[in-house]
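Structure first, then comments.
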Amino acid sequence: MSQLLVRLERELQSGTHPDQRAETLARMAAYLGRVGRFDEARRHIDSLRQIYGDGRSGRVTVWIMLAEGLVHFFEDLSPNAMDRVTRALMLGVA
């Protein structure tokens, strides 16, 4: 297991605020998408979308979009990847 994944799991277990835990889970999904664990990444993204799909946390939403973009890119080089990353960037700037 990579050091980044170990650190993210530790952050997830020690996080106390729901938004902080959600952001960590989204970062974990981004990592999993990058290393080819697409099903696991999608499960995390889907669970986060159920709670944070209404935009209640901009930071979490940006990380979800970035994770989606990485999954799209590394799984099948989909043009949706650029859309998700660009939207994450726009929201991050706002």
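Numbering starts fresh at 1 for the residues of each chain in the structure tokens, the chains themselves are lettered A, B, ... in the order given, and ligands are numbered from 1 as they appear.
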
Please return as an MDAnalysis selection string: the residues of chain A that backbone DSSP assigns to helix (DSSP H, G or I).
chainID A and resid 3:14 18:34 38:52 58:76 80:93

What's the separation between atom CA of Met65 of chain A and atom CA of Gly36 of chain A, in Å to one decimal place?
17.0 Å

Which of A:Gln50, A:Tyr31, A:Pro18, A:Val85 sits closest to Val6 of chain A [using only C-alpha atoms]:
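Looking at the shortest contact to Val6 of chain A, the residue is A:Tyr31.
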
Test item: residues at most 8 Å from Met28 of chain A, only C-alpha atoms, excluding those fewer than 5 positions along its chain, as number ranges by chain:
A: 5, 8-9, 41

Keeping only C-alpha atoms, take the residues you just selected and write them out as an mmCIF file, in the first residue's frame.
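To be explicit, this is the file written out as part25.cif:
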data_model
loop_
_atom_site.group_PDB
_atom_site.id
_atom_site.type_symbol
_atom_site.label_atom_id
_atom_site.label_comp_id
_atom_site.auth_asym_id
_atom_site.auth_seq_id
_atom_site.Cartn_x
_atom_site.Cartn_y
_atom_site.Cartn_z
ATOM 1 C CA LEU A 5 -3.084 5.901 0.821
ATOM 2 C CA LEU A 8 -5.296 9.316 3.764
ATOM 3 C CA GLU A 9 -6.757 6.350 5.660
ATOM 4 C CA ALA A 41 -13.043 5.093 -6.546
#

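If only C-alpha atoms are the atoms counted, then among A:Met90, A:Ser47, A:Leu12, A:Arg34 the closest residue to Gly69 of chain A is A:Arg34.
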
Excluding same-chain residues fewer than 2 positions from Ala29 of chain A, what lies within 6 Å of it counting only C-alpha atoms, as a ChimeraX atom specification?
/A:26-27,31-32,41,44,67

Resulting file, chosen residues, N, CA, C and O atoms, as a PDB file, in the first residue's frame:
ATOM      1  N   ALA A  26     -12.804  11.989  -0.697  1.00  0.00           N
ATOM      2  CA  ALA A  26     -12.724  12.402  -2.103  1.00  0.00           C
ATOM      3  C   ALA A  26     -11.282  12.379  -2.597  1.00  0.00           C
ATOM      4  O   ALA A  26     -11.006  11.967  -3.729  1.00  0.00           O
ATOM      5  N   ARG A  27     -10.350  12.812  -1.757  1.00  0.00           N
ATOM      6  CA  ARG A  27      -8.930  12.741  -2.131  1.00  0.00           C
ATOM      7  C   ARG A  27      -8.498  11.286  -2.314  1.00  0.00           C
ATOM      8  O   ARG A  27      -7.725  10.958  -3.209  1.00  0.00           O
ATOM      9  N   TYR A  31      -7.036   9.439  -5.717  1.00  0.00           N
ATOM     10  CA  TYR A  31      -5.853   8.580  -5.755  1.00  0.00           C
ATOM     11  C   TYR A  31      -6.192   7.213  -6.348  1.00  0.00           C
ATOM     12  O   TYR A  31      -5.471   6.703  -7.213  1.00  0.00           O
ATOM     13  N   LEU A  32      -7.295   6.631  -5.902  1.00  0.00           N
ATOM     14  CA  LEU A  32      -7.681   5.308  -6.393  1.00  0.00           C
ATOM     15  C   LEU A  32      -7.942   5.333  -7.898  1.00  0.00           C
ATOM     16  O   LEU A  32      -7.604   4.390  -8.614  1.00  0.00           O
ATOM     17  N   ALA A  41     -12.970   3.629  -6.456  1.00  0.00           N
ATOM     18  CA  ALA A  41     -13.043   5.093  -6.546  1.00  0.00           C
ATOM     19  C   ALA A  41     -14.475   5.535  -6.797  1.00  0.00           C
ATOM     20  O   ALA A  41     -14.968   6.480  -6.159  1.00  0.00           O
ATOM     21  N   HIS A  44     -16.685   5.381  -3.688  1.00  0.00           N
ATOM     22  CA  HIS A  44     -16.461   6.535  -2.802  1.00  0.00           C
ATOM     23  C   HIS A  44     -17.133   7.780  -3.365  1.00  0.00           C
ATOM     24  O   HIS A  44     -17.788   8.522  -2.627  1.00  0.00           O
ATOM     25  N   ALA A  67     -11.815  13.993  -8.582  1.00  0.00           N
ATOM     26  CA  ALA A  67     -11.764  12.523  -8.542  1.00  0.00           C
ATOM     27  C   ALA A  67     -12.498  11.931  -9.738  1.00  0.00           C
ATOM     28  O   ALA A  67     -12.009  10.993 -10.381  1.00  0.00           O
TER      29      ALA A  67
END

What is the distance between atom CA of Met82 of chain A and atom CA of Leu25 of chain A, in Å to one decimal?
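According to the coordinates, atom CA of Met82 of chain A and atom CA of Leu25 of chain A are separated by 21.5 Å.
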
Compare A:Glu11, A:Thr86, A:Phe73, A:Ser2 by their minimum atom-to-atom distance to Phe38 of chain A, counting only C-alpha atoms, and give me the closest one.
A:Phe73
